[in-house]
$ cat final-v4.csv   # CSV, C-alpha atoms
chain,number,residue,atom,x,y,z
A,1,MET,CA,-24.9,14.8,-48.0
A,2,ILE,CA,-24.6,12.2,-50.8
A,3,ARG,CA,-20.8,12.4,-50.7
A,4,PHE,CA,-20.9,11.8,-46.9
A,5,ALA,CA,-23.2,8.7,-47.4
A,6,LEU,CA,-20.7,7.3,-49.9
A,7,HIS,CA,-17.9,7.7,-47.4
A,8,LEU,CA,-19.9,5.8,-44.8
A,9,ALA,CA,-20.6,3.1,-47.3
A,10,ARG,CA,-16.9,2.7,-48.0
A,11,LEU,CA,-15.9,2.5,-44.2
A,12,PRO,CA,-16.5,-1.2,-43.7
A,13,ALA,CA,-14.3,-2.0,-46.7
A,14,LEU,CA,-11.5,0.3,-45.4
A,15,LEU,CA,-11.7,-1.4,-42.0
A,16,LEU,CA,-11.4,-4.8,-43.6
A,17,CYS,CA,-8.4,-3.7,-45.6
A,18,LEU,CA,-6.7,-2.4,-42.5
A,19,ALA,CA,-7.4,-5.6,-40.6
A,20,ALA,CA,-5.9,-7.6,-43.5
A,21,CYS,CA,-2.7,-5.5,-43.5
A,22,LEU,CA,-2.2,-5.9,-39.8
A,23,ALA,CA,-2.8,-9.6,-40.0
A,24,ALA,CA,-0.3,-10.0,-42.8
A,25,ASP,CA,2.4,-7.9,-41.0
A,26,PRO,CA,1.8,-7.7,-37.2
A,27,ALA,CA,5.1,-5.8,-36.6
A,28,ARG,CA,4.1,-3.1,-39.0
A,29,GLY,CA,0.8,-2.7,-37.2
A,30,GLN,CA,2.7,-1.7,-34.0
A,31,THR,CA,5.6,0.2,-35.5
A,32,GLY,CA,4.0,2.0,-38.5
A,33,TRP,CA,1.8,5.0,-38.6
A,34,LEU,CA,-0.4,3.9,-35.6
A,35,PRO,CA,0.0,6.2,-32.6
A,36,THR,CA,2.5,4.8,-30.0
A,37,ALA,CA,0.1,5.9,-27.2
A,38,TRP,CA,-2.1,3.0,-28.2
A,39,PHE,CA,0.4,0.5,-26.8
A,40,SER,CA,1.5,0.0,-23.2
A,41,GLN,CA,4.7,1.6,-21.9
A,42,ASP,CA,6.0,-1.9,-21.1
A,43,GLN,CA,6.2,-2.7,-24.8
A,44,ARG,CA,7.9,0.6,-25.7
A,45,ASP,CA,10.6,0.8,-23.0
A,46,PRO,CA,12.9,-2.3,-23.2
A,47,LYS,CA,15.5,-0.5,-21.1
A,48,ALA,CA,13.3,0.1,-18.0
A,49,MET,CA,14.6,-1.1,-14.7
A,50,TYR,CA,11.2,-0.9,-13.0
A,51,PRO,CA,12.5,0.3,-9.6
A,52,LEU,CA,10.7,-0.9,-6.5
A,53,ALA,CA,8.4,1.6,-4.8
A,54,GLU,CA,6.8,1.8,-1.4
A,55,LYS,CA,3.4,1.1,-2.8
A,56,ASP,CA,4.5,-2.3,-4.2
A,57,GLY,CA,4.1,-5.4,-2.2
A,58,PRO,CA,3.9,-5.3,0.8
A,59,TRP,CA,5.4,-8.8,0.3
A,60,LEU,CA,7.5,-9.9,-2.6
A,61,VAL,CA,9.7,-12.8,-3.8
A,62,LEU,CA,13.4,-12.1,-3.7
A,63,ALA,CA,14.5,-13.9,-6.9
A,64,THR,CA,18.2,-13.1,-6.9
A,65,THR,CA,20.8,-10.4,-6.3
A,66,PHE,CA,23.6,-9.1,-8.5
A,67,ARG,CA,26.7,-7.3,-7.3
A,68,GLY,CA,29.5,-5.3,-9.0
A,69,ALA,CA,30.0,-3.3,-12.1
A,70,GLY,CA,27.6,-5.3,-14.3
A,71,ALA,CA,24.9,-5.6,-11.6
A,72,ARG,CA,22.5,-3.0,-13.1
A,73,GLU,CA,22.6,-4.4,-16.6
A,74,ASP,CA,22.2,-8.0,-15.3
A,75,ALA,CA,19.2,-7.0,-13.2
A,76,ARG,CA,17.6,-5.1,-16.0
A,77,ARG,CA,17.9,-8.1,-18.4
A,78,LEU,CA,16.3,-10.4,-15.8
A,79,VAL,CA,13.5,-8.0,-14.9
A,80,GLN,CA,12.7,-7.5,-18.6
A,81,GLU,CA,12.6,-11.2,-19.3
A,82,LEU,CA,10.5,-12.0,-16.2
A,83,ARG,CA,8.0,-9.3,-17.3
A,84,THR,CA,7.8,-10.0,-21.0
A,85,GLN,CA,8.2,-13.7,-21.3
A,86,HIS,CA,7.0,-15.0,-18.0
A,87,ARG,CA,4.3,-12.3,-17.3
A,88,LEU,CA,5.6,-11.7,-13.7
A,89,GLN,CA,5.5,-8.4,-12.0
A,90,ALA,CA,9.3,-7.9,-11.5
A,91,TYR,CA,11.1,-5.0,-10.0
A,92,SER,CA,14.7,-4.0,-9.3
A,93,HIS,CA,16.0,-2.5,-6.0
A,94,GLU,CA,19.5,-1.0,-5.5
A,95,LYS,CA,21.5,-0.7,-2.4
A,96,SER,CA,25.1,0.5,-2.0
A,97,PHE,CA,27.6,-0.5,0.7
A,98,ASP,CA,30.6,1.6,1.7
A,99,TYR,CA,33.5,-0.4,3.2
A,100,THR,CA,36.1,2.4,2.9
A,101,GLY,CA,35.6,4.1,6.2
A,102,THR,CA,36.6,3.2,9.8
A,103,GLN,CA,34.5,1.4,12.3
A,104,LYS,CA,34.5,1.6,16.1
A,105,GLY,CA,36.5,-1.2,17.6
A,106,VAL,CA,36.4,-3.0,21.0
A,107,GLY,CA,38.3,-1.5,23.8
A,108,PHE,CA,40.6,1.5,24.1
A,109,ASN,CA,44.1,2.5,23.0
A,110,PRO,CA,46.9,3.1,25.6
A,111,ASP,CA,46.2,6.8,25.4
A,112,GLY,CA,42.5,6.2,26.3
A,113,SER,CA,41.1,6.8,22.8
A,114,PRO,CA,38.6,4.2,21.5
A,115,LYS,CA,40.0,1.7,19.1
A,116,THR,CA,39.1,1.9,15.4
A,117,MET,CA,39.1,-0.8,12.7
A,118,LYS,CA,39.2,-0.8,8.9
A,119,TYR,CA,37.8,-3.3,6.5
A,120,ALA,CA,40.3,-5.7,5.0
A,121,ASN,CA,39.0,-5.0,1.5
A,122,ALA,CA,38.1,-1.4,1.3
A,123,ALA,CA,35.6,-0.8,-1.5
A,124,GLN,CA,32.2,0.6,-2.4
A,125,VAL,CA,29.9,-2.1,-3.5
A,126,LEU,CA,26.6,-1.9,-5.4
A,127,GLU,CA,24.0,-4.6,-5.1
A,128,VAL,CA,20.9,-4.8,-7.2
A,129,ALA,CA,18.1,-7.2,-6.2
A,130,VAL,CA,15.4,-8.6,-8.5
A,131,LEU,CA,12.0,-9.0,-6.8
A,132,VAL,CA,8.7,-10.3,-7.9
A,133,GLY,CA,5.3,-9.8,-6.5
A,134,ASP,CA,2.6,-7.6,-5.0
A,135,PHE,CA,1.4,-10.0,-2.4
A,136,ALA,CA,-0.7,-9.2,0.7
A,137,THR,CA,1.0,-11.5,3.2
A,138,CYS,CA,3.9,-13.9,3.4
A,139,GLU,CA,1.4,-16.8,3.3
A,140,ASP,CA,-0.5,-15.4,0.3
A,141,PRO,CA,-1.4,-18.5,-1.9
A,142,ARG,CA,-0.5,-16.5,-5.0
A,143,GLY,CA,2.8,-15.6,-3.6
A,144,GLN,CA,3.7,-19.2,-2.6
A,145,LYS,CA,2.7,-20.4,-6.1
A,146,VAL,CA,4.9,-17.7,-7.8
A,147,LEU,CA,7.8,-18.6,-5.4
A,148,GLN,CA,7.7,-22.2,-6.4
A,149,ARG,CA,7.6,-21.2,-10.0
A,150,ILE,CA,10.6,-18.9,-9.8
A,151,LYS,CA,12.7,-21.6,-8.1
A,152,THR,CA,12.3,-23.8,-11.2
A,153,LEU,CA,12.7,-21.1,-13.9
A,154,GLN,CA,15.6,-21.2,-16.3
A,155,PRO,CA,15.7,-17.6,-17.6
A,156,ALA,CA,18.0,-16.9,-20.5
A,157,ALA,CA,19.3,-13.9,-18.6
A,158,LEU,CA,21.0,-16.2,-16.1
A,159,SER,CA,22.3,-18.9,-18.6
A,160,GLY,CA,25.9,-18.9,-19.8
A,161,ASP,CA,28.6,-16.5,-18.7
A,162,GLY,CA,28.2,-13.6,-21.1
A,163,GLY,CA,27.1,-10.3,-19.7
A,164,LYS,CA,26.5,-11.5,-16.1
A,165,SER,CA,28.1,-9.9,-13.0
A,166,ARG,CA,31.0,-11.9,-11.5
A,167,ALA,CA,29.2,-12.1,-8.1
A,168,PHE,CA,26.3,-14.2,-9.5
A,169,SER,CA,28.7,-16.8,-11.0
A,170,ASP,CA,30.7,-16.9,-7.8
A,171,PHE,CA,27.5,-17.3,-5.7
A,172,ARG,CA,26.3,-20.2,-7.9
A,173,ALA,CA,29.6,-22.0,-7.6
A,174,MET,CA,29.7,-21.5,-3.8
A,175,ALA,CA,26.1,-22.8,-3.4
A,176,GLY,CA,26.8,-25.7,-5.7
A,177,LEU,CA,24.0,-24.7,-8.1
A,178,ASP,CA,26.3,-24.8,-11.1
A,179,LYS,CA,26.6,-28.6,-10.7
A,180,ALA,CA,23.2,-29.4,-9.2
A,181,ASN,CA,20.2,-29.8,-11.5
A,182,LYS,CA,18.4,-26.9,-10.0
A,183,GLY,CA,17.2,-23.6,-11.3
A,184,PRO,CA,19.5,-20.5,-10.9
A,185,MET,CA,16.9,-18.9,-8.6
A,186,HIS,CA,16.5,-22.0,-6.4
A,187,LEU,CA,17.2,-20.1,-3.2
A,188,ALA,CA,14.4,-17.5,-3.8
A,189,PHE,CA,12.3,-16.6,-0.7
A,190,MET,CA,9.6,-14.2,0.4
A,191,ILE,CA,10.6,-10.8,2.0
A,192,PRO,CA,8.7,-7.7,3.0
A,193,ASN,CA,9.1,-4.6,0.9
A,194,PRO,CA,12.4,-3.0,2.2
A,195,LEU,CA,11.0,0.5,1.5
A,196,LEU,CA,8.1,0.2,4.0
A,197,PRO,CA,8.4,2.0,7.3
A,198,GLU,CA,9.7,-0.2,10.2
A,199,ASP,CA,6.4,-0.1,12.0
A,200,TYR,CA,4.3,-0.9,8.9
A,201,PHE,CA,3.4,-4.4,10.1
A,202,ASN,CA,2.6,-3.1,13.6
A,203,ARG,CA,-0.5,-1.3,12.2
A,204,HIS,CA,-3.8,-2.3,13.7
A,205,GLU,CA,-5.4,-5.2,11.9
A,206,VAL,CA,-9.2,-5.5,12.0
A,207,ASP,CA,-10.7,-8.9,12.5
A,208,ALA,CA,-13.6,-10.5,10.5
A,209,PHE,CA,-16.2,-9.2,12.9
A,210,VAL,CA,-15.1,-5.5,12.5
A,211,GLN,CA,-14.8,-6.1,8.7
A,212,GLU,CA,-18.4,-7.1,8.6
A,213,MET,CA,-19.4,-4.0,10.5
A,214,ASN,CA,-17.7,-1.8,7.9
A,215,ALA,CA,-18.5,-3.9,4.8
A,216,ASP,CA,-21.4,-1.8,3.5
A,217,VAL,CA,-20.0,1.6,4.4
A,218,THR,CA,-19.7,3.8,1.3
A,219,HIS,CA,-16.7,5.8,2.5
A,220,SER,CA,-15.0,3.3,4.9
A,221,LEU,CA,-11.6,4.1,6.3
A,222,LEU,CA,-10.6,0.6,5.3
A,223,ASP,CA,-10.8,1.8,1.7
A,224,CYS,CA,-8.4,4.7,2.3
A,225,PRO,CA,-5.4,4.0,-0.1
A,226,ALA,CA,-2.8,5.7,2.0
A,227,ARG,CA,-1.0,4.9,5.3
A,228,TYR,CA,-2.3,7.7,7.4
A,229,SER,CA,-5.4,9.9,7.8
A,230,VAL,CA,-6.4,12.7,10.3
A,231,ARG,CA,-9.0,11.8,12.9
A,232,VAL,CA,-11.3,14.7,13.3
A,233,ALA,CA,-14.1,13.2,15.4
A,234,MET,CA,-14.6,10.2,17.7
A,235,PHE,CA,-17.9,9.0,19.1
A,236,THR,CA,-18.1,6.3,21.8
A,237,GLY,CA,-20.9,4.1,23.2
A,238,SER,CA,-21.3,2.6,26.6
A,239,GLY,CA,-21.6,-0.9,25.3
A,240,MET,CA,-19.2,-3.2,23.5
A,241,ILE,CA,-19.9,-5.2,20.4
A,242,GLY,CA,-18.8,-8.8,20.4
A,243,LYS,CA,-17.6,-8.7,24.0
A,244,ALA,CA,-19.4,-9.0,27.4
A,245,ALA,CA,-21.4,-5.8,28.1
A,246,GLU,CA,-21.3,-4.2,31.5
A,247,SER,CA,-25.0,-3.4,31.5
A,248,ASP,CA,-27.1,-6.1,33.3
A,249,THR,CA,-30.0,-5.2,31.1
A,250,ALA,CA,-28.1,-5.8,27.9
A,251,ALA,CA,-26.7,-9.0,29.3
A,252,ALA,CA,-30.1,-10.3,30.2
A,253,THR,CA,-31.5,-9.4,26.9
A,254,THR,CA,-28.7,-10.3,24.5
A,255,GLY,CA,-26.4,-12.4,26.5
A,256,GLY,CA,-23.9,-9.5,26.7
A,257,LEU,CA,-23.4,-9.2,23.0
A,258,VAL,CA,-24.6,-6.5,20.6
A,259,ASP,CA,-26.1,-7.9,17.3
A,260,VAL,CA,-24.0,-6.4,14.5
A,261,SER,CA,-26.8,-7.0,12.0
A,262,LYS,CA,-29.2,-5.0,14.2
A,263,LEU,CA,-26.6,-2.3,14.4
A,264,VAL,CA,-26.1,-2.0,10.6
A,265,GLY,CA,-29.9,-2.4,10.0
A,266,ALA,CA,-30.6,0.5,12.4
A,267,LEU,CA,-28.2,2.7,10.4
A,268,ARG,CA,-30.0,1.9,7.2
A,269,GLY,CA,-33.4,2.6,8.9
A,270,GLN,CA,-34.1,5.1,11.6
A,271,GLY,CA,-30.6,5.2,13.0
A,272,TRP,CA,-30.1,5.2,16.8
A,273,GLN,CA,-33.7,6.3,17.3
A,274,ASP,CA,-35.0,3.0,16.1
A,275,PRO,CA,-37.7,2.0,18.7
A,276,LYS,CA,-36.4,-1.6,18.7
A,277,LEU,CA,-33.2,-0.3,20.3
A,278,GLN,CA,-34.7,1.9,22.9
A,279,SER,CA,-34.9,-0.9,25.5
A,280,LEU,CA,-31.2,-1.7,25.0
A,281,GLN,CA,-29.3,1.3,26.3
A,282,GLY,CA,-25.9,-0.1,25.3
A,283,GLU,CA,-26.8,-0.9,21.8
A,284,SER,CA,-28.7,2.4,21.4
A,285,ARG,CA,-25.6,4.4,22.3
A,286,LEU,CA,-23.4,2.5,20.0
A,287,VAL,CA,-25.7,2.9,17.1
A,288,GLU,CA,-26.0,6.6,18.0
A,289,ALA,CA,-22.3,6.9,17.8
A,290,ALA,CA,-22.2,5.1,14.4
A,291,ASP,CA,-25.1,7.2,13.1
A,292,LYS,CA,-23.3,10.5,14.1
A,293,ALA,CA,-20.1,9.3,12.4
A,294,HIS,CA,-22.0,8.5,9.2
A,295,ARG,CA,-23.9,11.8,9.1
A,296,LEU,CA,-20.7,13.7,9.8
A,297,THR,CA,-18.8,11.9,7.1
A,298,THR,CA,-21.6,12.7,4.6
A,299,ALA,CA,-21.6,16.4,5.7
A,300,LEU,CA,-17.8,16.7,5.3
A,301,ARG,CA,-17.9,15.1,1.9
A,302,ARG,CA,-20.6,17.6,0.8
A,303,ALA,CA,-18.3,20.4,2.0
A,304,GLY,CA,-15.5,19.1,-0.2
A,305,PHE,CA,-13.4,17.1,2.4
A,306,GLN,CA,-12.2,13.6,1.7
A,307,ALA,CA,-13.9,12.1,4.8
A,308,TRP,CA,-13.9,8.5,6.0
A,309,GLU,CA,-15.8,6.7,8.7
A,310,PHE,CA,-14.8,3.6,10.7
A,311,HIS,CA,-16.8,1.6,13.3
A,312,ASP,CA,-15.5,-0.9,15.8
A,313,ARG,CA,-16.7,-2.7,18.9
A,314,GLU,CA,-16.5,0.4,21.2
A,315,SER,CA,-16.6,3.5,19.0
A,316,SER,CA,-17.0,5.2,15.7
A,317,VAL,CA,-14.5,7.6,14.2
A,318,VAL,CA,-14.4,10.1,11.3
A,319,CYS,CA,-11.1,10.9,9.5
A,320,VAL,CA,-10.2,13.3,6.7
A,321,GLY,CA,-7.4,12.9,4.2
A,322,SER,CA,-5.3,10.3,2.5
A,323,ILE,CA,-1.7,10.8,3.6
A,324,ASN,CA,1.4,8.7,2.8
A,325,GLN,CA,4.0,10.5,4.9
A,326,LEU,CA,3.7,12.3,8.3
A,327,ALA,CA,6.7,14.4,7.6
A,328,VAL,CA,8.4,15.8,4.4
A,329,GLN,CA,12.0,16.8,3.9
A,330,GLN,CA,12.8,20.4,2.9
A,331,ALA,CA,15.6,21.5,0.6
A,332,ASP,CA,17.8,22.2,3.6
A,333,GLY,CA,17.4,18.6,4.8
A,334,LYS,CA,15.1,19.4,7.7
A,335,ALA,CA,11.9,17.4,8.2
A,336,VAL,CA,8.6,19.3,8.7
A,337,VAL,CA,5.0,18.1,9.3
A,338,ASN,CA,3.3,17.2,6.1
A,339,PRO,CA,1.6,20.4,4.8
A,340,GLU,CA,-1.5,18.3,4.0
A,341,ILE,CA,-1.9,17.4,7.7
A,342,THR,CA,-1.4,21.1,8.7
A,343,LYS,CA,-4.0,22.1,6.2
A,344,ILE,CA,-6.6,19.7,7.5
A,345,ILE,CA,-6.0,20.6,11.2
A,346,SER,CA,-6.2,24.3,10.3
A,347,ALA,CA,-9.5,23.8,8.4
A,348,LEU,CA,-11.2,21.5,10.9
A,349,GLY,CA,-9.6,22.3,14.2
A,350,PRO,CA,-11.0,24.8,16.7
A,351,ASN,CA,-11.9,28.3,15.5
A,352,PRO,CA,-8.5,30.2,15.3
A,353,ALA,CA,-10.1,33.6,16.0
A,354,LYS,CA,-11.7,32.3,19.2
A,355,LEU,CA,-8.6,30.3,20.1
A,356,ALA,CA,-6.6,33.5,20.1
A,357,GLN,CA,-9.0,34.9,22.7
A,358,GLY,CA,-8.5,31.8,24.9
A,359,VAL,CA,-11.8,30.3,23.9
A,360,ILE,CA,-11.8,26.7,22.5
A,361,GLU,CA,-14.7,26.5,20.1
A,362,PRO,CA,-15.0,23.3,18.1
A,363,ARG,CA,-16.3,23.4,14.5
A,364,ALA,CA,-19.5,21.7,13.6
A,365,PHE,CA,-21.0,20.1,10.5
A,366,ASP,CA,-24.7,19.2,10.3
A,367,GLY,CA,-25.0,20.1,14.0
A,368,ILE,CA,-22.3,17.6,15.0
A,369,PHE,CA,-19.1,18.9,16.7
A,370,LEU,CA,-15.6,17.9,15.7
A,371,ASP,CA,-12.8,17.1,18.1
A,372,VAL,CA,-10.8,20.0,19.4
A,373,ASP,CA,-7.6,18.1,18.8
A,374,PRO,CA,-7.5,16.5,15.3
A,375,LYS,CA,-4.5,14.2,15.0
A,376,PRO,CA,-3.1,11.8,12.3
A,377,ILE,CA,-3.6,8.1,12.9
A,378,ASP,CA,-2.7,4.9,11.2
A,379,VAL,CA,-5.3,3.6,8.7
A,380,PRO,CA,-6.5,0.2,10.0
A,381,ARG,CA,-5.7,-2.5,7.5
A,382,VAL,CA,-7.4,-5.7,6.5
A,383,PRO,CA,-5.0,-8.7,6.7
A,384,THR,CA,-6.1,-10.1,3.3
A,385,LYS,CA,-6.1,-6.8,1.5
A,386,ARG,CA,-3.2,-5.0,-0.2
A,387,ARG,CA,-2.0,-1.4,1.3
$ encode --input "final-v4.csv" --output "structure tokens"
Amino acid sequence: MIRFALHLARLPALLLCLAACLAADPARGQTGWLPTAWFSQDQRDPKAMYPLAEKDGPWLVLATTFRGAGAREDARRLVQELRTQHRLQAYSHEKSFDYTGTQKGVGFNPDGSPKTMKYANAAQVLEVAVLVGDFATCEDPRGQKVLQRIKTLQPAALSGDGGKSRAFSDFRAMAGLDKANKGPMHLAFMIPNPLLPEDYFNRHEVDAFVQEMNADVTHSLLDCPARYSVRVAMFTGSGMIGKAAESDTAAATTGGLVDVSKLVGALRGQGWQDPKLQSLQGESRLVEAADKAHRLTTALRRAGFQAWEFHDRESSVVCVGSINQLAVQQADGKAVVNPEITKIISALGPNPAKLAQGVIEPRAFDGIFLDVDPKPIDVPRVPTKRR
């Protein structure tokens, strides 16, 4: 016990000695006996290319593009410099072009066969782009600020002629940037992430009113990190929030609009059975739908399912799962439905035993029935929030 107390007494002195050693030789503090896991991967991997992924963006700044044999090395040097010296989230993205094949021409040959053409310079070309970002929209103030900064940067990776791909030097000469007093990335501009699906920007965007309705929801579908989820239940009301209601009673009492604060307040209180809503049939049904969605989400979460709820002007829905792809590719190249989707539909769809007998029996949680036809849907996105 005494020996242990002596060791504790010596501990502050040992810590001071260690701090003095690290202060005298910072490099040794990071390359000596200290575990490498204490330091970030960025500092330990100077050869990383940081390839672009679908989760990055969705908007980025296209800083510049390299082409040819030295493209990868040139891009790597620039990405590393932008990350380490300028603290910018830089990525690389490769794309190859094959100009060795034939292309369909215009018209037909005398024998009736379609004309074909070949490229004048047959070659296979590799291009590597350097992108910077992680911005929510094209007009993101942070993105515009970074864009202007990139246009004026003078990175060492783009100065001089040593080590750069031929295409970059040729491009600068063609654009007149080698003579003009402009940064080598003066022509940078904003682009969407090229790895995103074509219909990504066609996803349903919620407005500020619907955002407010879902702001205090614990498991909101708006917080789902993936692109898709499986809708397992949908509850509708007869009224419409924020738009003219069809009910004359509701119109006379509320001017045709449902009060969103009353809707959320009712959910926090007695739900759709709140006496204050009994006189307003439209609001009562909408709140009933929201209340059912909330209780079902809670019940599914208790059962181990990753459930989400979402409320809009006309209905409330409950979804399960966080899915990035609707289909996955097998070893033979064929695309099949994502197994996660199949698993959710099998677990929460109609009872398979009854279905085999020709009887459609929906499943129920907390006394609330699920839909008989669960289906994947796009996760609604908030315009100012990243995917």
$ atom_distance --input "final-v4.csv" --atom1 "atom CA of Gln85 of chain A" --atom2 "atom CA of Leu196 of chain A"
28.9 Å
$ residues_around --input "final-v4.csv" --residues "Val379 of chain A" --least-positions-apart "3" --cutoff "7 Å" --atoms "all atoms listed in the file" --output "number ranges by chain"
A: 221-222, 227-229
$ atom_distance --input "final-v4.csv" --atom1 "atom CA of Lys115 of chain A" --atom2 "atom CA of Phe97 of chain A"
22.3 Å
$ atom_distance --input "final-v4.csv" --atom1 "atom CA of Asp223 of chain A" --atom2 "atom CA of Ser322 of chain A"
10.2 Å
$ closest_residue --input "final-v4.csv" --among "A:Tyr50, A:Phe235, A:Phe201, A:Phe189" --to "Glu288 of chain A" --atoms "only C-alpha atoms"
A:Phe235
